[in-house]
Structure formats: structure tokens, C-alpha cells
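Pasting run.cif here (mmCIF, C-alpha atoms):
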```
data_start
#
loop_
_atom_site.label_atom_id
_atom_site.label_comp_id
_atom_site.auth_asym_id
_atom_site.auth_seq_id
_atom_site.Cartn_x
_atom_site.Cartn_y
_atom_site.Cartn_z
CA MET T 1 2.28 -18.26 -13.40
CA THR T 2 5.30 -15.97 -13.00
CA GLN T 3 7.77 -17.16 -10.35
CA ILE T 4 7.89 -14.76 -7.41
CA GLN T 5 11.43 -13.76 -6.45
CA TYR T 6 12.62 -11.81 -3.44
CA ARG T 7 15.19 -9.18 -4.40
CA LYS T 8 17.08 -7.11 -1.88
CA MET T 9 17.60 -3.67 -3.39
CA ASP T 10 19.70 -0.67 -2.41
CA PHE T 11 17.84 2.41 -3.56
CA ARG T 12 19.20 5.71 -2.27
CA PHE T 13 16.98 8.73 -1.68
CA ASP T 14 19.46 11.53 -1.27
CA ASP T 15 18.37 15.01 -0.24
CA ASP T 16 19.34 16.45 -3.62
CA ILE T 17 16.33 14.70 -5.19
CA PRO T 18 13.63 17.38 -5.67
CA PHE T 19 10.39 16.91 -3.73
CA GLN T 20 8.58 16.80 -7.08
CA PHE T 21 11.14 14.61 -8.79
CA ASN T 22 9.98 15.44 -12.32
CA SER T 23 9.48 19.18 -12.81
CA ALA T 24 8.22 18.48 -16.32
CA ASN T 25 5.34 16.35 -15.03
CA ILE T 26 4.03 17.59 -11.71
CA ALA T 27 0.98 15.31 -11.87
CA VAL T 28 3.14 12.18 -12.03
CA SER T 29 5.44 13.56 -9.32
CA ASP T 30 2.51 14.19 -6.97
CA LEU T 31 0.98 10.78 -7.72
CA THR T 32 4.31 9.08 -7.00
CA ASN T 33 4.74 10.98 -3.73
CA ALA T 34 1.17 10.19 -2.69
CA ALA T 35 1.83 6.50 -3.31
CA THR T 36 4.88 6.69 -1.05
CA PHE T 37 2.78 8.25 1.75
CA MET T 38 0.21 5.45 1.49
CA ALA T 39 2.29 2.40 0.56
CA PRO T 40 3.92 1.60 3.92
CA ALA T 41 0.54 1.63 5.65
CA PHE T 42 -1.30 -0.55 3.17
CA GLU T 43 1.68 -2.88 2.67
CA SER T 44 1.80 -3.43 6.43
CA TYR T 45 -1.97 -4.04 6.30
CA PHE T 46 -1.53 -6.64 3.54
CA ILE T 47 1.25 -8.40 5.43
CA LYS T 48 -0.81 -8.66 8.64
CA ALA T 49 -3.74 -10.13 6.70
CA PHE T 50 -1.56 -12.66 4.91
CA ARG T 51 0.20 -13.67 8.12
CA GLU T 52 -3.22 -14.36 9.64
CA ALA T 53 -4.29 -16.31 6.55
CA ILE T 54 -1.23 -18.57 6.11
CA PRO T 55 -2.29 -21.15 8.75
CA LEU T 56 -5.58 -21.56 6.85
CA LEU T 57 -3.87 -22.44 3.54
CA ARG T 58 -3.66 -26.12 2.64
CA ASP T 59 -1.67 -25.78 -0.58
CA ASN T 60 2.07 -25.75 0.19
CA ARG T 61 2.92 -23.98 -3.07
CA LEU T 62 0.50 -21.18 -2.21
CA LYS T 63 1.99 -20.94 1.29
CA HIS T 64 5.45 -20.60 -0.27
CA ASP T 65 4.27 -17.94 -2.71
CA THR T 66 2.54 -16.06 0.10
CA GLU T 67 5.76 -15.96 2.11
CA LEU T 68 7.58 -14.59 -0.95
CA PHE T 69 4.83 -12.02 -1.45
CA ILE T 70 5.32 -10.90 2.15
CA GLN T 71 9.07 -10.58 1.62
CA GLN T 72 8.53 -8.47 -1.50
CA GLU T 73 6.04 -6.26 0.31
CA ARG T 74 8.46 -5.73 3.19
CA GLU T 75 11.17 -4.69 0.74
CA HIS T 76 8.77 -2.31 -1.00
CA SER T 77 7.74 -0.82 2.33
CA LYS T 78 11.38 -0.37 3.41
CA HIS T 79 12.18 1.73 0.36
CA HIS T 80 8.93 3.69 0.43
CA LEU T 81 9.71 4.55 4.04
CA ALA T 82 13.18 5.74 3.03
CA HIS T 83 11.65 7.87 0.27
CA LEU T 84 9.02 9.13 2.72
CA ARG T 85 11.66 10.16 5.25
CA MET T 86 13.41 12.18 2.55
CA LEU T 87 10.14 13.94 1.63
CA ILE T 88 9.38 14.74 5.28
CA ARG T 89 12.89 16.10 5.83
CA LYS T 90 12.03 18.68 3.18
CA PHE T 91 8.62 19.49 4.69
CA PRO T 92 8.25 18.30 8.32
CA GLU T 93 4.62 19.41 8.37
CA LEU T 94 3.84 16.33 6.26
CA GLU T 95 4.35 14.08 9.29
CA GLN T 96 0.70 14.55 10.21
CA ALA T 97 -0.47 13.19 6.84
CA ARG T 98 1.74 10.14 7.30
CA ASP T 99 0.40 9.56 10.81
CA ASP T 100 -3.22 9.98 9.70
CA VAL T 101 -2.83 7.44 6.90
CA ASN T 102 -1.19 4.95 9.27
CA ALA T 103 -3.97 5.44 11.81
CA SER T 104 -6.63 4.91 9.17
CA TYR T 105 -5.21 1.53 8.18
CA ALA T 106 -4.78 0.52 11.83
CA ARG T 107 -8.47 1.27 12.47
CA LEU T 108 -9.48 -0.63 9.34
CA TYR T 109 -7.65 -3.72 10.52
CA ASP T 110 -9.05 -3.51 14.03
CA THR T 111 -12.68 -3.06 12.94
CA HIS T 112 -13.02 -5.59 10.10
CA SER T 113 -12.78 -9.34 9.60
CA LEU T 114 -9.99 -11.35 7.97
CA ASN T 115 -12.35 -12.07 5.07
CA PHE T 116 -12.71 -8.34 4.47
CA HIS T 117 -8.95 -7.79 4.67
CA LEU T 118 -8.33 -10.51 2.09
CA ALA T 119 -11.03 -9.09 -0.20
CA TYR T 120 -9.57 -5.57 0.15
CA THR T 121 -6.08 -6.89 -0.63
CA ALA T 122 -7.27 -8.98 -3.57
CA ASN T 123 -9.21 -6.11 -5.13
CA ILE T 124 -6.23 -3.76 -4.89
CA GLU T 125 -3.62 -6.28 -6.01
CA LEU T 126 -5.72 -7.33 -9.01
CA ALA T 127 -5.77 -3.67 -10.08
CA PHE T 128 -2.04 -3.25 -9.53
CA GLY T 129 -1.18 -5.69 -12.33
CA PRO T 130 -2.80 -3.62 -15.11
CA ILE T 131 -1.55 -0.38 -13.51
CA ALA T 132 1.99 -1.79 -13.38
CA ARG T 133 1.85 -2.75 -17.06
CA PHE T 134 0.45 0.67 -17.97
CA THR T 135 3.23 2.44 -16.06
CA ILE T 136 5.96 0.29 -17.60
CA GLU T 137 4.65 0.74 -21.12
CA ASN T 138 4.31 4.51 -20.67
CA ARG T 139 7.53 5.02 -18.69
CA ASP T 140 9.14 7.40 -21.20
CA ALA T 141 6.04 9.61 -21.39
CA MET T 142 5.61 9.69 -17.61
CA TYR T 143 9.21 10.07 -16.50
CA ALA T 144 10.93 12.04 -19.28
CA GLY T 145 13.11 14.67 -17.66
CA GLY T 146 12.75 13.15 -14.18
CA ASP T 147 15.22 11.86 -11.65
CA PRO T 148 16.33 8.29 -12.52
CA ARG T 149 16.59 7.29 -8.86
CA ILE T 150 12.84 7.70 -8.36
CA SER T 151 11.73 6.37 -11.74
CA SER T 152 13.96 3.28 -11.36
CA PHE T 153 12.52 2.68 -7.89
CA ILE T 154 8.90 2.93 -9.04
CA LEU T 155 9.50 0.72 -12.07
CA TRP T 156 11.12 -1.97 -9.90
CA HIS T 157 8.04 -1.83 -7.68
CA CYS T 158 5.83 -2.20 -10.76
CA ILE T 159 7.82 -5.21 -11.95
CA GLU T 160 7.28 -7.02 -8.67
CA GLU T 161 3.61 -6.06 -8.54
CA PHE T 162 3.35 -7.63 -11.98
CA GLU T 163 5.26 -10.66 -10.74
CA HIS T 164 3.08 -11.48 -7.72
CA ARG T 165 -0.19 -10.47 -9.38
CA ASN T 166 -1.83 -13.87 -8.70
CA CYS T 167 -1.02 -14.24 -5.03
CA ALA T 168 -3.68 -12.11 -3.36
CA ILE T 169 -6.59 -13.51 -5.35
CA ASP T 170 -5.30 -17.07 -4.85
CA VAL T 171 -5.18 -16.55 -1.07
CA PHE T 172 -8.64 -14.96 -1.09
CA ASN T 173 -10.09 -17.84 -3.10
CA ALA T 174 -8.45 -20.41 -0.82
CA VAL T 175 -9.72 -18.82 2.41
CA VAL T 176 -12.97 -17.08 1.40
CA GLY T 177 -13.79 -18.34 -2.07
CA SER T 178 -16.79 -16.10 -2.75
CA HIS T 179 -16.59 -13.89 -5.82
CA LEU T 180 -19.81 -12.13 -4.78
CA TYR T 181 -18.34 -11.34 -1.36
CA ARG T 182 -15.26 -9.80 -2.99
CA LEU T 183 -17.40 -7.61 -5.23
CA ARG T 184 -19.49 -6.47 -2.27
CA GLN T 185 -16.37 -5.09 -0.60
CA ILE T 186 -15.32 -2.96 -3.56
CA ARG T 187 -17.37 0.07 -2.51
CA GLU T 188 -15.85 0.19 0.97
CA THR T 189 -12.38 -0.48 -0.45
CA ARG T 190 -12.71 2.43 -2.87
CA THR T 191 -14.15 4.70 -0.19
CA HIS T 192 -11.25 3.96 2.14
CA LEU T 193 -8.65 4.51 -0.60
CA ARG T 194 -10.25 7.83 -1.51
CA GLU T 195 -10.28 8.94 2.12
CA THR T 196 -6.62 8.11 2.70
CA GLY T 197 -5.66 9.59 -0.65
CA ALA T 198 -7.52 12.78 0.25
CA ILE T 199 -5.46 13.10 3.44
CA VAL T 200 -2.29 13.24 1.39
CA GLN T 201 -3.70 15.44 -1.36
CA ARG T 202 -4.88 18.03 1.16
CA ALA T 203 -1.38 18.17 2.62
CA PHE T 204 0.14 18.66 -0.84
CA LYS T 205 -2.40 21.36 -1.69
CA ARG T 206 -1.46 23.27 1.45
CA LEU T 207 2.20 23.21 0.40
CA ALA T 208 1.24 24.43 -3.07
CA ALA T 209 -0.97 27.20 -1.66
CA GLU T 210 1.98 28.36 0.43
CA GLY T 211 4.18 28.40 -2.68
CA LYS T 212 6.46 25.64 -1.36
CA ILE T 213 5.83 23.24 -4.24
CA LYS T 214 4.35 23.55 -7.71
CA SER T 215 0.63 23.09 -8.11
CA SER T 216 -0.57 20.27 -10.33
CA ASP T 217 -2.87 21.49 -13.08
CA LYS T 218 -6.11 19.52 -13.02
CA ARG T 219 -5.93 19.33 -16.81
CA SER T 220 -2.41 17.91 -16.78
CA SER T 221 -1.82 14.43 -18.17
CA ASP T 222 0.57 11.61 -17.41
CA GLY T 223 1.56 11.72 -21.08
CA SER T 224 0.04 8.36 -22.00
CA SER T 225 -1.96 7.81 -25.18
CA ARG T 226 -5.74 7.53 -25.24
CA ARG T 227 -5.41 3.97 -26.58
CA SER T 228 -3.17 3.00 -23.68
CA ARG T 229 -5.60 4.46 -21.14
CA LEU T 230 -8.55 2.64 -22.71
CA ARG T 231 -6.65 -0.62 -22.53
CA LEU T 232 -5.94 0.07 -18.86
CA TYR T 233 -9.62 0.73 -18.12
CA ALA T 234 -10.61 -2.48 -19.91
CA ALA T 235 -8.02 -4.47 -17.95
CA LEU T 236 -9.23 -2.98 -14.66
CA PHE T 237 -12.83 -3.85 -15.50
CA SER T 238 -11.84 -7.42 -16.31
CA THR T 239 -10.59 -7.89 -12.73
CA LEU T 240 -14.23 -7.75 -11.60
CA LEU T 241 -15.24 -10.78 -13.67
CA PRO T 242 -15.55 -14.18 -11.98
CA TRP T 243 -13.37 -15.90 -14.60
CA HIS T 244 -10.60 -13.29 -14.49
CA ASN T 245 -7.10 -14.81 -14.59
CA PRO T 246 -4.18 -12.45 -13.84
CA ASP T 247 -1.88 -14.72 -15.85
CA HIS T 248 -3.55 -13.43 -19.01
CA LEU T 249 -1.87 -10.05 -18.46
CA LYS T 250 0.94 -10.02 -20.98
CA GLN T 251 4.38 -9.29 -19.59
CA PRO T 252 6.12 -6.40 -21.40
CA GLN T 253 9.45 -7.21 -23.00
CA TRP T 254 11.08 -4.49 -20.90
CA VAL T 255 10.18 -6.47 -17.76
CA THR T 256 11.75 -9.61 -19.17
CA GLN T 257 14.92 -7.67 -19.98
CA TRP T 258 15.00 -6.09 -16.51
CA MET T 259 14.80 -9.51 -14.90
CA SER T 260 17.57 -10.83 -17.14
CA ASP T 261 19.78 -7.87 -16.27
CA TYR T 262 19.12 -8.40 -12.57
CA ALA T 263 19.97 -12.10 -12.85
CA ALA T 264 23.22 -11.15 -14.62
CA GLY T 265 24.22 -9.05 -11.62
CA LYS T 266 23.78 -5.61 -13.14
CA PRO T 267 23.08 -2.74 -10.70
CA MET T 268 19.37 -2.06 -11.01
CA GLU T 269 18.92 0.87 -8.61
CA VAL T 270 19.28 3.28 -11.55
CA ALA T 271 18.43 0.74 -14.24
CA TYR T 272 16.09 3.13 -16.04
CA GLU T 273 17.42 6.40 -17.38
CA PRO T 274 14.49 8.62 -18.40
CA PRO T 275 14.88 10.34 -21.75
CA ASN T 276 15.59 14.04 -21.62
CA LEU T 277 12.74 16.23 -22.72
CA SER T 278 14.20 17.21 -26.08
CA THR T 279 14.86 13.58 -27.02
CA HIS T 280 11.39 12.48 -25.94
CA ALA T 281 9.72 15.34 -27.79
CA SER T 282 11.49 14.42 -31.00
#
```
Written form, C-alpha cells:
Amino acid sequence: MTQIQYRKMDFRFDDDIPFQFNSANIAVSDLTNAATFMAPAFESYFIKAFREAIPLLRDNRLKHDTELFIQQEREHSKHHLAHLRMLIRKFPELEQARDDVNASYARLYDTHSLNFHLAYTANIELAFGPIARFTIENRDAMYAGGDPRISSFILWHCIEEFEHRNCAIDVFNAVVGSHLYRLRQIRETRTHLRETGAIVQRAFKRLAAEGKIKSSDKRSSDGSSRRSRLRLYAALFSTLLPWHNPDHLKQPQWVTQWMSDYAAGKPMEVAYEPPNLSTHAS
């Protein structure tokens, strides 16, 4: 199991960063911005669930890892909030989308049980491991020509999602322990994610219709290969199996190097410099 480490970062989201940080890939830009609108709400949701679950854990190592998970999630949320504030400074009308997403997660927590919250968290976190690996492996295709401040931020988040990929399912198994129960919550989890995602997408579409941002072509791609996408889909499907072990997800060499650079004291806030478009095309 990968050791979870809390890292205090210093990402800066200056106003000169374009709203769609990669003009060459509007689909990735919109997806990244949508994640920032949703992340603080669901990270706060995860933290509340884990705080409620910690007294029920008997394994001291799992308690320790859960505390580290919470620290990582708080750091993620802090930087997503900073990014979100920058986006809203550009378009104040987006405040309503932020508030609606926050309200949706507050209602979800108030109307469901701890078992549901842990199943919801486990299902999402199990998916984040394969998605993090996919993003890291396809970073040049997705971020070529983009702003390094945003791409470095997202890749750091992916590294830590990869790092704590076991924690949510371990907590769920320790407290609930029913694979069938977890599967039964997938439909509601997906429905809720789609509803909150739709809140943000509608807000973005209004900006595009008003000519304030570029519209994302439905046929546009993140630039990844078909083989890479198929491997992602297979990895996501495997998270539904009762014998699934997140440790089997191979860590990319780039992640290992990033961690070594961090340990050596290198500044990591712009650790990834996306290739320019001409270099990537060649």
C-alpha cells in the first residue's frame, strides 16, 4: 500500500490565468473547471463522513491513514476554492452554480445514513485511482498549450488521489463491510453526480451562449488514445468486483519522479510544463 503523505502546497491562481486555461482543448478546460466547482462540496462531504466513521474504526493504522486522507482532502479543497474564487471573479454569475452544488451535498448528507455516505465515498474514490492514472499518462495530450499553473495543480491532485486510493474502501469495509450494499448505492451515486454536474454545465453553457467563453464541441476529445481509454474503462469496471484491490493499479513512473522531486525540496507548484502545441504535434 502506498504511504499517504500530507503536503502543504502553495498554488497561485492569478487573474491572468484564462477562464478556459487551455484554449487548444476547451473540453479539458471545461472539465477541469467543472471539477473545481464540485470538488470543495464533495471533499467536505467526504471529510464529514470520515470524521463520523473514525470512532468506529478499530484498526489504529486505518485510523492514522484516515486522518491523513482528511488532511489531503482539506488541502485539495483549499486550492480548489482558490481556483474557484478566481473563476467567479471573472464571471460573478457563477456564484449561483457554486451555491447550488454546495446545497445539494448538504441535503445529501442530511437525508442519508453514514453507511450510504461511506458507500458513496468509496465508489467515487475507487474510480478516482484509474482516472488519476489516465490523466497522468495522458498529460501531454490533455494539457499541451495550456497554463502550467492549472495543469500542475490538477496533476498534484491526481498524484494524491492515486496515493490514498485504498483509504475509502478500507473504511467502508471496516464500518459497513457489505459489497452488495456498496453496489446498490451506485445508481444513486451516479444520479447525484450527474445532477450536480448538470448544474455546472448549464452555467457554462449560458456563458458560451452569451459569447463570454468558447463553446466545447461535443465531438472534441481529450486527446487520449483509444487504447488508453479502453484501459481506463476496464479499470473502472474492475472497481465493481468484490475482489478488487486498488493496490493492483500500477503507479506511473512520472508519479514516482514527482514524489522524489518533492522530497528533494523542489518547487512543485509549476512542476509540470505542458509541451507547446508545435512540439506535441511533432
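Here CA of Gly265 (chain T) and CA of Phe153 (chain T) stand 17.0 Å from one another.
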Quick check, in Å to one decimal: how far apart do CA of Leu126 (chain T) and CA of His179 (chain T) lie? 13.1 Å
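Coordinates place CA of Gln5 (chain T) at a distance of 16.3 Å from CA of Asp247 (chain T).
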Once the PyMOL selection byres ((chain T and resi 214) around 12) is applied to the coordinates I shared, what remains selected? I want it as a PDB file with C-alpha atoms, in the coordinates of the input.
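Writing done, so here's result.pdb:
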```pdb
ATOM      1  CA  PRO T  18      13.630  17.380  -5.670  1.00  0.00           C
ATOM      2  CA  PHE T  19      10.390  16.910  -3.730  1.00  0.00           C
ATOM      3  CA  GLN T  20       8.580  16.800  -7.080  1.00  0.00           C
ATOM      4  CA  PHE T  21      11.140  14.610  -8.790  1.00  0.00           C
ATOM      5  CA  ASN T  22       9.980  15.440 -12.320  1.00  0.00           C
ATOM      6  CA  SER T  23       9.480  19.180 -12.810  1.00  0.00           C
ATOM      7  CA  ALA T  24       8.220  18.480 -16.320  1.00  0.00           C
ATOM      8  CA  ASN T  25       5.340  16.350 -15.030  1.00  0.00           C
ATOM      9  CA  ILE T  26       4.030  17.590 -11.710  1.00  0.00           C
ATOM     10  CA  ALA T  27       0.980  15.310 -11.870  1.00  0.00           C
ATOM     11  CA  SER T  29       5.440  13.560  -9.320  1.00  0.00           C
ATOM     12  CA  ASP T  30       2.510  14.190  -6.970  1.00  0.00           C
ATOM     13  CA  PHE T 204       0.140  18.660  -0.840  1.00  0.00           C
ATOM     14  CA  LYS T 205      -2.400  21.360  -1.690  1.00  0.00           C
ATOM     15  CA  ARG T 206      -1.460  23.270   1.450  1.00  0.00           C
ATOM     16  CA  LEU T 207       2.200  23.210   0.400  1.00  0.00           C
ATOM     17  CA  ALA T 208       1.240  24.430  -3.070  1.00  0.00           C
ATOM     18  CA  ALA T 209      -0.970  27.200  -1.660  1.00  0.00           C
ATOM     19  CA  GLU T 210       1.980  28.360   0.430  1.00  0.00           C
ATOM     20  CA  GLY T 211       4.180  28.400  -2.680  1.00  0.00           C
ATOM     21  CA  LYS T 212       6.460  25.640  -1.360  1.00  0.00           C
ATOM     22  CA  ILE T 213       5.830  23.240  -4.240  1.00  0.00           C
ATOM     23  CA  SER T 215       0.630  23.090  -8.110  1.00  0.00           C
ATOM     24  CA  SER T 216      -0.570  20.270 -10.330  1.00  0.00           C
ATOM     25  CA  ASP T 217      -2.870  21.490 -13.080  1.00  0.00           C
TER      26      ASP T 217
END
```
Could you give me, as CSV, every region 215-248 of chain T residue with an atom at most 12 Å from region 106-123 of chain T, plus its closest atom pair and distance in Å to one decimal, counting all atoms listed in the file, rows ordered by chain then number?
```
residue,atom,partner,partner_atom,distance
T:Leu236,CA,T:Asn123,CA,10.0
T:Phe237,CA,T:Asn123,CA,11.2
T:Ser238,CA,T:Asn123,CA,11.6
T:Thr239,CA,T:Asn123,CA,7.9
T:Leu240,CA,T:Asn123,CA,8.4
T:Leu241,CA,T:Asn123,CA,11.4
T:His244,CA,T:Asn123,CA,11.9
T:Pro246,CA,T:Ala122,CA,11.3
```
Run the PyMOL selection byres ((chain T and resi 149) around 9) on the file and write out the hits as a ChimeraX atom specification. /T:11-13,17,146-148,150-154,269-273
Which residues fall under the PyMOL selection byres ((chain T and resi 253-262) around 9) in this file, as a short mmCIF file (atom, residue, chain, number, x, y, z; two decimals) with C-alpha atoms, in the coordinates of the input?
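Contents of part.cif, as written:
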```
data_model
loop_
_atom_site.label_atom_id
_atom_site.label_comp_id
_atom_site.auth_asym_id
_atom_site.auth_seq_id
_atom_site.Cartn_x
_atom_site.Cartn_y
_atom_site.Cartn_z
CA ILE T 136 5.96 0.29 -17.60
CA GLU T 137 4.65 0.74 -21.12
CA TRP T 156 11.12 -1.97 -9.90
CA ILE T 159 7.82 -5.21 -11.95
CA GLN T 251 4.38 -9.29 -19.59
CA PRO T 252 6.12 -6.40 -21.40
CA ALA T 263 19.97 -12.10 -12.85
CA ALA T 264 23.22 -11.15 -14.62
CA GLY T 265 24.22 -9.05 -11.62
CA LYS T 266 23.78 -5.61 -13.14
CA PRO T 267 23.08 -2.74 -10.70
CA MET T 268 19.37 -2.06 -11.01
CA ALA T 271 18.43 0.74 -14.24
#
```
Could the residues of region 98-208 of chain T that have an atom at most 8 Å from region 56-68 of chain T be listed as JSON lines, each with its closest atom pair and the distance in Å to one decimal, counting all atoms listed in the file and ordered by chain and ascending residue number?
```
{"residue": "T:Cys167", "atom": "CA", "partner": "T:Thr66", "partner_atom": "CA", "distance": 6.5}
{"residue": "T:Asp170", "atom": "CA", "partner": "T:Leu62", "partner_atom": "CA", "distance": 7.6}
{"residue": "T:Val171", "atom": "CA", "partner": "T:Leu62", "partner_atom": "CA", "distance": 7.4}
{"residue": "T:Ala174", "atom": "CA", "partner": "T:Leu57", "partner_atom": "CA", "distance": 6.6}
{"residue": "T:Val175", "atom": "CA", "partner": "T:Leu56", "partner_atom": "CA", "distance": 6.7}
```
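Restricting the calculation to all atoms listed in the file, the smallest distance between Thr189 (chain T) and any of T:Ala168, T:Ala144, T:Ile124, T:Val176 is found for T:Ile124.
In terms of minimum interatomic distance to Arg182 (chain T), T:Pro242 ranks closest within T:Pro242, T:Tyr143, T:Glu195, T:Lys48, counting only C-alpha atoms.
Compared by their closest atoms to Glu93 (chain T), and using all atoms listed in the file, the residues T:Val200, T:Arg194, T:Asp15, T:Tyr233 rank with T:Val200 nearest.
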Pick the closest to Ser77 (chain T) from T:Ile47, T:Ala103, T:Ala53, T:Ile186: which is it, counting only C-alpha atoms? T:Ile47
